[in-house]
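Here is the structure we will look at.
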Amino acid sequence: MAPLFTRVRLVFGALALFALVFAAVPAGAQQPNSVNPTADSVNEKQLLQEFGKVRGRGSIPDTKSFTIVRPAGRDWRHFHEVTLRWIGAIAILGMVVLLVVFYLARGMVRIESGRSGRTIMRFNGIERFVHWMTATCFIVLAITGLNITFGKVLLLPLMSPQAFSDWSEWAKYAHNFLSFPFTLGVVLIFFMWLAGNIPNWVDWEWLKRGGGIVGHDHPPAYKFNAGQKAIYWIQVIAGTAMVISGYVLIFPFYGTDVANMEAAQVVHGIIAMLFIAIMIAHIYIGTIGMEGAFEAMGTGEVDVNWAKEHHSLWLEKELAGDRKAPPPQGAAATPAE
Amino acid sequence: MARMKFLCDADRCIECNACVTACKNEHEVPWGINRRRVVTINDGKPGERSVSMACMHCTDAPCAAVCPVSCFFTTADSVVLHSKDLCIGCGYCFYACPFGAPQYPRVGNFGSRGKMDKCTYCAGGPEAENTAANYAKYGTDRLIEGKLPLCAEMCSTKSLLAGDGEIIAQIYKERVMKRGYGSGAWGWQTAYRETIAV
Ligand code: HEM
Ligand code: SF4
Ligand code: SF4
């Protein structure tokens, strides 16, 4: 028989346990009301509004993968698929139309006093080599670059997808590797012709008189007139911009992120379109736009009358510097005339 | 035909990375390429959430739009696939993709990055055939066998859902109703231009 004391202890113990359980129940029932599991949870919409993207921490070496949502890629898509195409189409076709209209209205700028038959050296072999190296690279870079922008719209419908891919792959390699001689050309052109391309007051006068292209005037000019100086500086500045943005594109994610890559492409694309349009005008003036101009980069020798009309100050300087340069009566070149 | 989608219920994801491993193993994905990855936001802080992310197989996919050789196509199940025979490795799809899904076997090498690789929704390549050549390029085609993507199939918490968009949206909705909270369908607004209203 258990002593009374033990029984009492048991009863009290049981009561205490009951009390504990009953006290605990309401506390437990309150738990869901006091803890909200989403209270400080991240919210996609809020993150996107705040940072424009959602980024966290991952467990693989590729840190680019830590960004999980970045809707800005769709803006770049719009630029690449719509905006850049419009810029390119307007700049390039616009320039072609302008030149056709100009050619029909003005025709070829003739050597007004006719050819003298005597020539004078304008660009030496090194200058011509650098010019044509850069020009060849430029044309290939322009065509292969435009293939990235317009190829699938203009070329793909004409050939099989595999043929277009094969061509585009080669085009890409050409674009990538010709960037090196092009870069060299930009640098060499800069140093080679810098001295002749510093703007001065003669340019102002030349511009005021319409440069002899718009009207029939022949304002004086040194080796490079204001128009040629403009082409020089465009080549140097736009060329440098193409080189820098191009190398950012060629070496993706070397210290750049996706936004930087997109920006590089935007710069590269827009400048490319304007650059190509301007170079079409440059090619026009150097060929069908002006009689006697092509020879300067072809054989390197220009007709003395051409030089007199377009680069009078340069001709004077050349003649003063080396009086024997043009033989008195085109001696060796045209003996019978 | 179904409109296949992925949905990651971040309130269930425990960052175990099983989906990542499943994908790598199923398709023998090469070293350095991750078709799927798990990213943790607010790591170690209150409200931490993990999201498993891969190609979302977008509606009107940006990658397909910018590809200069148009090598993408969308299957009848709305899965976005691409042809590795046509890809020239220009890297543009990565710039346009809102989810960073496209991956390249090489880093730079004068702009040549090799053929782009990304999640195929376990639907193989354009040829829709389980041949050795296709396996090497794209991995297995489970969809053709009536199976869903392996990552979602073996998710232990069923955080990652794959399947018809309407059905997985319904499952998610019921979960949120029952437990009383949900941080939303990550990426849906961006990928599909719609989200799940609960
Ligand atoms: C150093 C010089 C250059 C480098 C390194 C370079 C590099 C690149 C790269 C890497 C791309 C991306 C496409 C691809 O990977 O195939 C590109 C695109 C392009 N490049 Fe160049 N480039 C250079 C010069 C030029 C020049 C001089 C032109 C034009 C005359 C040009 C026109 C273009 C165009 C139009 C695109 C396509 C833009 C687009 O639609 O996205 N590039 N370039
Ligand atoms: S997630 Fe990226 S790769 Fe996948 S379909 Fe969308 S844009 Fe293309
Ligand atoms: S990397 Fe390949 S798939 Fe991607 S945009 Fe370039 S060509 Fe197209």
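Going by the structure tokens order, chains are called A, B, ..., each with residues numbered from 1, while ligands are numbered from 1 in the order shown.
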> So which residues touch Lys172 (chain A) within 10 Å, counting only C-alpha atoms, skipping near sequence neighbours fewer than 5 positions away, as an MDAnalysis selection string?
Replying inline: (chainID A and resid 141 144:145 147:148 166:167 177:178) or (chainID B and resid 88:90 110:112)
Could you turn the residues from that selection into a file that holds all heavy atoms, as a compact mmCIF listing (two decimals), in the first residue's frame?
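Heads up, here's the output in result_6.txt:
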```
# COMPACT_ATOMS: atom_id res chain seq x y z
N LEU A 141 35.10 44.56 -93.65
CA LEU A 141 34.49 44.71 -92.32
C LEU A 141 33.05 45.21 -92.45
O LEU A 141 32.16 44.75 -91.75
CB LEU A 141 35.29 45.68 -91.46
CG LEU A 141 36.62 45.17 -90.89
CD1 LEU A 141 37.44 46.32 -90.32
CD2 LEU A 141 36.39 44.11 -89.84
N THR A 144 30.85 42.28 -93.95
CA THR A 144 30.63 41.19 -93.00
C THR A 144 29.87 41.69 -91.76
O THR A 144 29.11 40.94 -91.16
CB THR A 144 31.97 40.57 -92.57
OG1 THR A 144 32.83 41.60 -92.07
CG2 THR A 144 32.65 39.88 -93.73
N GLY A 145 30.08 42.94 -91.40
CA GLY A 145 29.32 43.50 -90.28
C GLY A 145 27.85 43.66 -90.65
O GLY A 145 26.96 43.28 -89.90
N ASN A 147 26.28 42.00 -92.66
CA ASN A 147 25.69 40.67 -92.71
C ASN A 147 25.08 40.28 -91.37
O ASN A 147 24.04 39.62 -91.31
CB ASN A 147 26.76 39.64 -93.12
CG ASN A 147 26.18 38.25 -93.23
OD1 ASN A 147 25.25 38.02 -93.99
ND2 ASN A 147 26.72 37.32 -92.46
N ILE A 148 25.73 40.72 -90.29
CA ILE A 148 25.18 40.43 -88.96
C ILE A 148 23.88 41.20 -88.75
O ILE A 148 22.93 40.72 -88.15
CB ILE A 148 26.20 40.82 -87.86
CG1 ILE A 148 27.45 39.92 -87.94
CG2 ILE A 148 25.60 40.77 -86.47
CD1 ILE A 148 27.27 38.52 -87.42
N ASP A 166 27.20 28.93 -93.05
CA ASP A 166 28.61 28.74 -93.41
C ASP A 166 29.23 30.07 -93.81
O ASP A 166 30.31 30.44 -93.36
CB ASP A 166 28.74 27.73 -94.55
CG ASP A 166 28.36 26.33 -94.09
OD1 ASP A 166 28.30 26.11 -92.86
OD2 ASP A 166 28.09 25.47 -94.95
N TRP A 167 28.53 30.80 -94.65
CA TRP A 167 29.02 32.12 -95.08
C TRP A 167 29.15 33.05 -93.89
O TRP A 167 30.16 33.75 -93.74
CB TRP A 167 28.10 32.68 -96.17
CG TRP A 167 27.82 34.16 -96.07
CD1 TRP A 167 26.63 34.73 -95.72
CD2 TRP A 167 28.72 35.25 -96.33
NE1 TRP A 167 26.74 36.09 -95.72
CE2 TRP A 167 28.01 36.45 -96.10
CE3 TRP A 167 30.05 35.34 -96.72
CZ2 TRP A 167 28.58 37.70 -96.25
CZ3 TRP A 167 30.62 36.61 -96.86
CH2 TRP A 167 29.88 37.77 -96.63
N PHE A 177 39.38 38.87 -87.80
CA PHE A 177 40.82 38.90 -88.05
C PHE A 177 41.26 40.12 -88.85
O PHE A 177 42.37 40.61 -88.66
CB PHE A 177 41.28 37.59 -88.69
CG PHE A 177 41.30 36.48 -87.67
CD1 PHE A 177 40.31 35.52 -87.63
CD2 PHE A 177 42.29 36.44 -86.70
CE1 PHE A 177 40.31 34.53 -86.66
CE2 PHE A 177 42.30 35.45 -85.72
CZ PHE A 177 41.30 34.49 -85.70
N LEU A 178 40.38 40.63 -89.73
CA LEU A 178 40.75 41.84 -90.46
C LEU A 178 40.74 43.07 -89.54
O LEU A 178 41.19 44.14 -89.93
CB LEU A 178 39.85 42.06 -91.66
CG LEU A 178 40.18 41.15 -92.85
CD1 LEU A 178 39.27 41.46 -94.02
CD2 LEU A 178 41.63 41.31 -93.27
N ILE B 88 26.60 30.17 -85.17
CA ILE B 88 27.96 30.62 -85.47
C ILE B 88 28.68 31.12 -84.21
O ILE B 88 29.76 31.67 -84.28
CB ILE B 88 27.99 31.73 -86.56
CG1 ILE B 88 27.18 32.96 -86.12
CG2 ILE B 88 27.46 31.19 -87.88
CD1 ILE B 88 27.39 34.17 -87.01
N GLY B 89 28.06 30.95 -83.07
CA GLY B 89 28.73 31.31 -81.82
C GLY B 89 29.01 32.78 -81.64
O GLY B 89 30.05 33.15 -81.11
N CYS B 90 28.09 33.63 -82.06
CA CYS B 90 28.34 35.06 -81.97
C CYS B 90 28.10 35.60 -80.56
O CYS B 90 28.59 36.65 -80.20
CB CYS B 90 27.48 35.83 -82.96
SG CYS B 90 25.73 35.78 -82.56
N PHE B 110 38.91 35.39 -79.84
CA PHE B 110 38.58 36.25 -80.97
C PHE B 110 37.15 36.08 -81.42
O PHE B 110 36.85 35.90 -82.60
CB PHE B 110 39.54 36.03 -82.14
CG PHE B 110 40.95 36.29 -81.75
CD1 PHE B 110 41.95 35.43 -82.13
CD2 PHE B 110 41.27 37.39 -80.98
CE1 PHE B 110 43.27 35.67 -81.74
CE2 PHE B 110 42.57 37.63 -80.60
CZ PHE B 110 43.57 36.76 -80.99
N GLY B 111 36.25 36.11 -80.47
CA GLY B 111 34.83 36.08 -80.81
C GLY B 111 34.31 34.72 -81.18
O GLY B 111 33.15 34.57 -81.47
N SER B 112 35.18 33.70 -81.16
CA SER B 112 34.65 32.38 -81.48
C SER B 112 34.43 31.63 -80.17
O SER B 112 35.36 31.32 -79.47
CB SER B 112 35.64 31.64 -82.38
OG SER B 112 35.76 30.30 -81.96
```
>> Should the cut-off be 7 Å, what would the residue list for chain B against chain A look like, counting only C-alpha atoms, as a PyMOL selection string?
In response: chain B and resi 38-43+46-49+53+62+66+68-70+86+88+95-100+108+110-111+181+183+186-187+190
> Hey, what does DSSP flag as helix (DSSP H, G or I) within region 89-257 of chain A? Can you give it to me as a ChimeraX atom specification?
Replying inline: /A:89-106,125-154,156-158,161-192,195-197,201-208,210-212,226-250
>> Could you check the closest approach to ligand 1 for each of A:Phe224, A:Phe182, A:Trp132, A:Phe190 and tell me which residue wins, using only C-alpha atoms and all ligand atoms?
In response: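 Of A:Phe224, A:Phe182, A:Trp132, A:Phe190, the one nearest ligand 1, counting only C-alpha atoms and all ligand atoms, is A:Phe182.
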>> Just want the residues within 7 Å of ligand 2, written as a list of chain:residue names, counting only C-alpha atoms and all ligand atoms.
In response: B:Ala54, B:Cys55, B:Met56, B:His57, B:Cys58, B:Ala61, B:Pro62, B:Cys63, B:Ala64, B:Val80, B:Cys93, B:Ala96, B:Cys97, B:Pro98, B:Phe99, B:Gly100, B:Ala101, B:Pro102, B:Lys118, B:Ala191
May I have the residues from that selection written out with N, CA, C and O atoms, as a tab-separated table (two decimals), in the first residue's frame?
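See selection-v7.tsv below for the written result:
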```tsv
chain	number	residue	atom	x	y	z
B	54	ALA	N	16.74	28.20	-65.45
B	54	ALA	CA	17.33	27.75	-66.71
B	54	ALA	C	16.60	28.52	-67.80
B	54	ALA	O	15.92	29.49	-67.52
B	55	CYS	N	16.76	28.10	-69.04
B	55	CYS	CA	15.98	28.72	-70.11
B	55	CYS	C	14.51	28.56	-69.78
B	55	CYS	O	14.06	27.49	-69.38
B	56	MET	N	13.76	29.66	-69.91
B	56	MET	CA	12.33	29.64	-69.57
B	56	MET	C	11.46	29.29	-70.77
B	56	MET	O	10.25	29.21	-70.67
B	57	HIS	N	12.06	29.16	-71.93
B	57	HIS	CA	11.31	28.88	-73.16
B	57	HIS	C	10.24	29.94	-73.37
B	57	HIS	O	9.03	29.68	-73.36
B	58	CYS	N	10.76	31.14	-73.55
B	58	CYS	CA	9.95	32.36	-73.60
B	58	CYS	C	8.92	32.36	-74.73
B	58	CYS	O	9.13	31.75	-75.77
B	61	ALA	N	10.51	34.53	-78.12
B	61	ALA	CA	11.82	34.47	-77.46
B	61	ALA	C	12.81	35.50	-78.00
B	61	ALA	O	13.05	35.57	-79.20
B	62	PRO	N	13.41	36.30	-77.11
B	62	PRO	CA	14.40	37.30	-77.52
B	62	PRO	C	15.63	36.69	-78.19
B	62	PRO	O	16.17	37.27	-79.14
B	63	CYS	N	16.07	35.52	-77.70
B	63	CYS	CA	17.25	34.88	-78.29
B	63	CYS	C	17.00	34.61	-79.77
B	63	CYS	O	17.85	34.86	-80.63
B	64	ALA	N	15.83	34.08	-80.07
B	64	ALA	CA	15.49	33.73	-81.45
B	64	ALA	C	15.44	34.98	-82.32
B	64	ALA	O	15.86	34.97	-83.47
B	80	VAL	N	11.66	26.20	-76.86
B	80	VAL	CA	12.56	26.96	-77.74
B	80	VAL	C	13.84	26.14	-77.94
B	80	VAL	O	14.59	25.91	-76.98
B	93	CYS	N	22.70	35.86	-78.48
B	93	CYS	CA	21.53	35.35	-77.74
B	93	CYS	C	21.71	35.58	-76.24
B	93	CYS	O	20.75	35.84	-75.54
B	96	ALA	N	20.68	39.09	-75.29
B	96	ALA	CA	19.25	39.37	-75.34
B	96	ALA	C	18.47	38.59	-74.30
B	96	ALA	O	17.40	39.02	-73.88
B	97	CYS	N	18.99	37.45	-73.88
B	97	CYS	CA	18.21	36.57	-72.99
B	97	CYS	C	18.04	37.19	-71.61
B	97	CYS	O	19.02	37.54	-70.96
B	98	PRO	N	16.81	37.34	-71.12
B	98	PRO	CA	16.60	37.93	-69.80
B	98	PRO	C	17.02	36.99	-68.66
B	98	PRO	O	17.07	37.41	-67.52
B	99	PHE	N	17.30	35.72	-68.97
B	99	PHE	CA	17.59	34.75	-67.92
B	99	PHE	C	19.02	34.22	-67.99
B	99	PHE	O	19.35	33.25	-67.30
B	100	GLY	N	19.84	34.80	-68.83
B	100	GLY	CA	21.24	34.36	-68.93
B	100	GLY	C	21.37	32.88	-69.27
B	100	GLY	O	22.31	32.23	-68.82
B	101	ALA	N	20.44	32.36	-70.06
B	101	ALA	CA	20.43	30.92	-70.30
B	101	ALA	C	21.50	30.42	-71.28
B	101	ALA	O	22.10	29.39	-71.03
B	102	PRO	N	21.75	31.12	-72.41
B	102	PRO	CA	22.72	30.56	-73.36
B	102	PRO	C	24.12	30.47	-72.77
B	102	PRO	O	24.57	31.36	-72.05
B	118	LYS	N	22.17	25.37	-74.44
B	118	LYS	CA	21.22	25.81	-73.42
B	118	LYS	C	20.24	24.69	-73.13
B	118	LYS	O	20.23	23.67	-73.84
B	191	ALA	N	9.15	36.27	-69.03
B	191	ALA	CA	9.22	35.22	-70.05
B	191	ALA	C	7.91	35.07	-70.82
B	191	ALA	O	7.92	34.92	-72.04
```
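In this comparison, which uses only C-alpha atoms and all ligand atoms, the residue of B:Asp11, B:Cys67, B:Thr74, B:Asp164 approaching ligand 1 most closely is B:Cys67.
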>> Nearest residue to Gln235 (chain A) out of A:Val187, A:Ser116, A:Glu205, A:His218, using only C-alpha atoms?
In response: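 Of A:Val187, A:Ser116, A:Glu205, A:His218, the one nearest Gln235 (chain A) is A:Val187, counting only C-alpha atoms.
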>> Using DSSP assignments from the backbone, pull out every residue in region 41-127 of chain B that falls under strand (DSSP E) and give it to me as a ChimeraX atom specification.
In response: /B:41,49-54,72-74,80-82
> Quick one: residues within 12 Å of Pro199 (chain A), only C-alpha atoms counted, chain neighbours fewer than 5 positions away excluded, as a list in words?
Replying inline: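 Here the answer would be Leu194, Trp204, Glu205, Trp206, Leu207, Ala221, Tyr222, Lys223, Phe224, Asn225, Ala226, Gly227, Gln228, Lys229, Ala230, Tyr232 and Trp233 of chain A.
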Go ahead and save the residues from that selection, with N, CA, C and O atoms, as a PDB file, in the first residue's frame.
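And here's out.pdb as it stands now:
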```pdb
ATOM      1  N   LEU A 194      48.698  63.413 -90.356  1.00  0.00           N
ATOM      2  CA  LEU A 194      48.299  64.366 -89.303  1.00  0.00           C
ATOM      3  C   LEU A 194      48.731  65.794 -89.660  1.00  0.00           C
ATOM      4  O   LEU A 194      47.926  66.726 -89.597  1.00  0.00           O
ATOM      5  N   TRP A 204      38.378  77.550 -93.695  1.00  0.00           N
ATOM      6  CA  TRP A 204      37.190  78.383 -93.471  1.00  0.00           C
ATOM      7  C   TRP A 204      36.755  79.026 -94.792  1.00  0.00           C
ATOM      8  O   TRP A 204      35.598  78.987 -95.190  1.00  0.00           O
ATOM      9  N   GLU A 205      37.770  79.595 -95.474  1.00  0.00           N
ATOM     10  CA  GLU A 205      37.544  80.219 -96.763  1.00  0.00           C
ATOM     11  C   GLU A 205      36.983  79.181 -97.757  1.00  0.00           C
ATOM     12  O   GLU A 205      36.035  79.433 -98.494  1.00  0.00           O
ATOM     13  N   TRP A 206      37.588  77.999 -97.738  1.00  0.00           N
ATOM     14  CA  TRP A 206      37.205  76.925 -98.654  1.00  0.00           C
ATOM     15  C   TRP A 206      35.740  76.529 -98.436  1.00  0.00           C
ATOM     16  O   TRP A 206      34.982  76.375 -99.375  1.00  0.00           O
ATOM     17  N   LEU A 207      35.382  76.433 -97.164  1.00  0.00           N
ATOM     18  CA  LEU A 207      34.015  76.035 -96.833  1.00  0.00           C
ATOM     19  C   LEU A 207      33.023  77.111 -97.259  1.00  0.00           C
ATOM     20  O   LEU A 207      31.969  76.825 -97.806  1.00  0.00           O
ATOM     21  N   ALA A 221      43.606  75.529-101.572  1.00  0.00           N
ATOM     22  CA  ALA A 221      43.761  74.536-100.509  1.00  0.00           C
ATOM     23  C   ALA A 221      45.169  74.008-100.531  1.00  0.00           C
ATOM     24  O   ALA A 221      45.816  73.978-101.575  1.00  0.00           O
ATOM     25  N   TYR A 222      45.654  73.591 -99.353  1.00  0.00           N
ATOM     26  CA  TYR A 222      46.938  72.898 -99.282  1.00  0.00           C
ATOM     27  C   TYR A 222      46.729  71.443 -99.678  1.00  0.00           C
ATOM     28  O   TYR A 222      45.774  71.124-100.384  1.00  0.00           O
ATOM     29  N   LYS A 223      47.589  70.554 -99.163  1.00  0.00           N
ATOM     30  CA  LYS A 223      47.503  69.149 -99.598  1.00  0.00           C
ATOM     31  C   LYS A 223      46.102  68.577 -99.356  1.00  0.00           C
ATOM     32  O   LYS A 223      45.582  67.819-100.162  1.00  0.00           O
ATOM     33  N   PHE A 224      45.500  68.940 -98.232  1.00  0.00           N
ATOM     34  CA  PHE A 224      44.149  68.460 -97.947  1.00  0.00           C
ATOM     35  C   PHE A 224      43.220  69.647 -97.772  1.00  0.00           C
ATOM     36  O   PHE A 224      43.508  70.554 -96.989  1.00  0.00           O
ATOM     37  N   ASN A 225      42.098  69.638 -98.501  1.00  0.00           N
ATOM     38  CA  ASN A 225      41.125  70.712 -98.300  1.00  0.00           C
ATOM     39  C   ASN A 225      40.215  70.354 -97.125  1.00  0.00           C
ATOM     40  O   ASN A 225      40.322  69.255 -96.535  1.00  0.00           O
ATOM     41  N   ALA A 226      39.304  71.277 -96.783  1.00  0.00           N
ATOM     42  CA  ALA A 226      38.496  71.086 -95.575  1.00  0.00           C
ATOM     43  C   ALA A 226      37.675  69.804 -95.652  1.00  0.00           C
ATOM     44  O   ALA A 226      37.490  69.107 -94.657  1.00  0.00           O
ATOM     45  N   GLY A 227      37.194  69.461 -96.847  1.00  0.00           N
ATOM     46  CA  GLY A 227      36.406  68.233 -96.995  1.00  0.00           C
ATOM     47  C   GLY A 227      37.246  67.008 -96.701  1.00  0.00           C
ATOM     48  O   GLY A 227      36.816  66.099 -95.978  1.00  0.00           O
ATOM     49  N   GLN A 228      38.475  67.012 -97.241  1.00  0.00           N
ATOM     50  CA  GLN A 228      39.347  65.870 -96.995  1.00  0.00           C
ATOM     51  C   GLN A 228      39.776  65.798 -95.543  1.00  0.00           C
ATOM     52  O   GLN A 228      39.929  64.718 -94.981  1.00  0.00           O
ATOM     53  N   LYS A 229      39.957  66.973 -94.934  1.00  0.00           N
ATOM     54  CA  LYS A 229      40.301  66.984 -93.512  1.00  0.00           C
ATOM     55  C   LYS A 229      39.168  66.380 -92.690  1.00  0.00           C
ATOM     56  O   LYS A 229      39.398  65.647 -91.735  1.00  0.00           O
ATOM     57  N   ALA A 230      37.942  66.717 -93.102  1.00  0.00           N
ATOM     58  CA  ALA A 230      36.790  66.148 -92.380  1.00  0.00           C
ATOM     59  C   ALA A 230      36.823  64.625 -92.489  1.00  0.00           C
ATOM     60  O   ALA A 230      36.650  63.919 -91.493  1.00  0.00           O
ATOM     61  N   TYR A 232      39.404  62.784 -92.985  1.00  0.00           N
ATOM     62  CA  TYR A 232      40.529  62.311 -92.169  1.00  0.00           C
ATOM     63  C   TYR A 232      40.120  62.189 -90.703  1.00  0.00           C
ATOM     64  O   TYR A 232      40.331  61.160 -90.073  1.00  0.00           O
ATOM     65  N   TRP A 233      39.508  63.249 -90.168  1.00  0.00           N
ATOM     66  CA  TRP A 233      39.171  63.215 -88.739  1.00  0.00           C
ATOM     67  C   TRP A 233      38.049  62.236 -88.451  1.00  0.00           C
ATOM     68  O   TRP A 233      38.020  61.597 -87.393  1.00  0.00           O
TER      69      TRP A 233
END
```
>> Under the rule that only C-alpha atoms and all ligand atoms are counted, which of A:Ser245, A:Gln46, A:Ser179, A:Thr136 is the nearest residue to ligand 1?
In response: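 Using only C-alpha atoms and all ligand atoms, ligand 1 sits closest to A:Ser179.
By only C-alpha atoms, and with residues fewer than 3 positions from Arg128 (chain A) along its chain excluded, the set lying at most 12 Å from it is Met121, Arg122, Phe123, Asn124, Gly125, His131, Trp132, Met133, Thr134, Ala135, Thr136, Gly185, Leu188, Ile189, Met192, Trp193, Phe294, Glu295, Ala296, Met297, Gly298, Thr299, Gly300 and Glu301 of chain A.
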Expected file: the selected residues, N, CA and C atoms, as an mmCIF file, in the first residue's frame:
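Contents of the output file out_4.cif:
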```
data_model
loop_
_atom_site.group_PDB
_atom_site.id
_atom_site.type_symbol
_atom_site.label_atom_id
_atom_site.label_comp_id
_atom_site.auth_asym_id
_atom_site.auth_seq_id
_atom_site.Cartn_x
_atom_site.Cartn_y
_atom_site.Cartn_z
ATOM 1 N N MET A 121 53.644 63.966 -108.341
ATOM 2 C CA MET A 121 53.426 62.937 -107.321
ATOM 3 C C MET A 121 52.621 63.504 -106.157
ATOM 4 N N ARG A 122 51.499 62.828 -105.825
ATOM 5 C CA ARG A 122 50.683 63.289 -104.703
ATOM 6 C C ARG A 122 50.790 62.332 -103.513
ATOM 7 N N PHE A 123 50.666 61.043 -103.785
ATOM 8 C CA PHE A 123 50.812 60.074 -102.684
ATOM 9 C C PHE A 123 51.849 59.039 -103.076
ATOM 10 N N ASN A 124 52.837 58.853 -102.203
ATOM 11 C CA ASN A 124 53.880 57.876 -102.522
ATOM 12 C C ASN A 124 53.408 56.447 -102.248
ATOM 13 N N GLY A 125 54.265 55.495 -102.545
ATOM 14 C CA GLY A 125 53.892 54.078 -102.435
ATOM 15 C C GLY A 125 53.422 53.681 -101.046
ATOM 16 N N HIS A 131 46.653 53.341 -97.433
ATOM 17 C CA HIS A 131 45.280 53.685 -97.780
ATOM 18 C C HIS A 131 44.504 52.459 -98.239
ATOM 19 N N TRP A 132 45.094 51.689 -99.155
ATOM 20 C CA TRP A 132 44.341 50.562 -99.716
ATOM 21 C C TRP A 132 44.220 49.400 -98.750
ATOM 22 N N MET A 133 45.208 49.232 -97.904
ATOM 23 C CA MET A 133 45.076 48.196 -96.881
ATOM 24 C C MET A 133 43.884 48.524 -95.977
ATOM 25 N N THR A 134 43.832 49.779 -95.526
ATOM 26 C CA THR A 134 42.747 50.179 -94.645
ATOM 27 C C THR A 134 41.414 50.110 -95.379
ATOM 28 N N ALA A 135 41.411 50.574 -96.638
ATOM 29 C CA ALA A 135 40.163 50.596 -97.402
ATOM 30 C C ALA A 135 39.637 49.182 -97.648
ATOM 31 N N THR A 136 40.539 48.264 -98.012
ATOM 32 C CA THR A 136 40.101 46.878 -98.243
ATOM 33 C C THR A 136 39.522 46.302 -96.968
ATOM 34 N N GLY A 185 45.933 50.279 -89.778
ATOM 35 C CA GLY A 185 45.663 51.329 -90.753
ATOM 36 C C GLY A 185 45.193 52.615 -90.086
ATOM 37 N N LEU A 188 48.276 54.193 -88.525
ATOM 38 C CA LEU A 188 49.219 54.729 -89.517
ATOM 39 C C LEU A 188 48.661 55.968 -90.202
ATOM 40 N N ILE A 189 47.380 55.916 -90.558
ATOM 41 C CA ILE A 189 46.760 57.074 -91.221
ATOM 42 C C ILE A 189 46.829 58.286 -90.305
ATOM 43 N N MET A 192 50.515 59.443 -90.362
ATOM 44 C CA MET A 192 51.025 59.742 -91.692
ATOM 45 C C MET A 192 50.512 61.082 -92.235
ATOM 46 N N TRP A 193 49.231 61.350 -92.011
ATOM 47 C CA TRP A 193 48.630 62.531 -92.610
ATOM 48 C C TRP A 193 48.225 63.592 -91.585
ATOM 49 N N PHE A 294 40.894 59.956 -108.751
ATOM 50 C CA PHE A 294 41.262 58.579 -108.434
ATOM 51 C C PHE A 294 42.757 58.328 -108.615
ATOM 52 N N GLU A 295 43.322 58.997 -109.633
ATOM 53 C CA GLU A 295 44.747 58.792 -109.925
ATOM 54 C C GLU A 295 45.633 59.046 -108.696
ATOM 55 N N ALA A 296 45.211 59.963 -107.851
ATOM 56 C CA ALA A 296 46.027 60.298 -106.682
ATOM 57 C C ALA A 296 46.307 59.059 -105.848
ATOM 58 N N MET A 297 45.315 58.196 -105.728
ATOM 59 C CA MET A 297 45.500 56.959 -104.962
ATOM 60 C C MET A 297 45.769 55.768 -105.875
ATOM 61 N N GLY A 298 45.545 55.972 -107.197
ATOM 62 C CA GLY A 298 45.811 54.884 -108.142
ATOM 63 C C GLY A 298 47.302 54.815 -108.442
ATOM 64 N N THR A 299 47.743 55.707 -109.314
ATOM 65 C CA THR A 299 49.163 55.720 -109.661
ATOM 66 C C THR A 299 49.970 56.569 -108.698
ATOM 67 N N GLY A 300 49.255 57.424 -107.972
ATOM 68 C CA GLY A 300 49.955 58.319 -107.063
ATOM 69 C C GLY A 300 50.265 59.662 -107.691
ATOM 70 N N GLU A 301 50.143 59.748 -109.035
ATOM 71 C CA GLU A 301 50.458 60.990 -109.755
ATOM 72 C C GLU A 301 49.161 61.675 -110.179
#
```
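When only C-alpha atoms are used to compute distances to Ala76 (chain B), the closest of the residues B:Lys45, B:Arg35, B:His27, B:Arg3 turns out to be B:Arg3.
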> Can you tell me, as a PyMOL selection string, what residues are no more than 10 Å from Leu81 (chain B) when counting only C-alpha atoms, ignoring any on the same chain fewer than 4 positions away?
Replying inline: chain B and resi 57+64+71-75+117-121+123-126+138
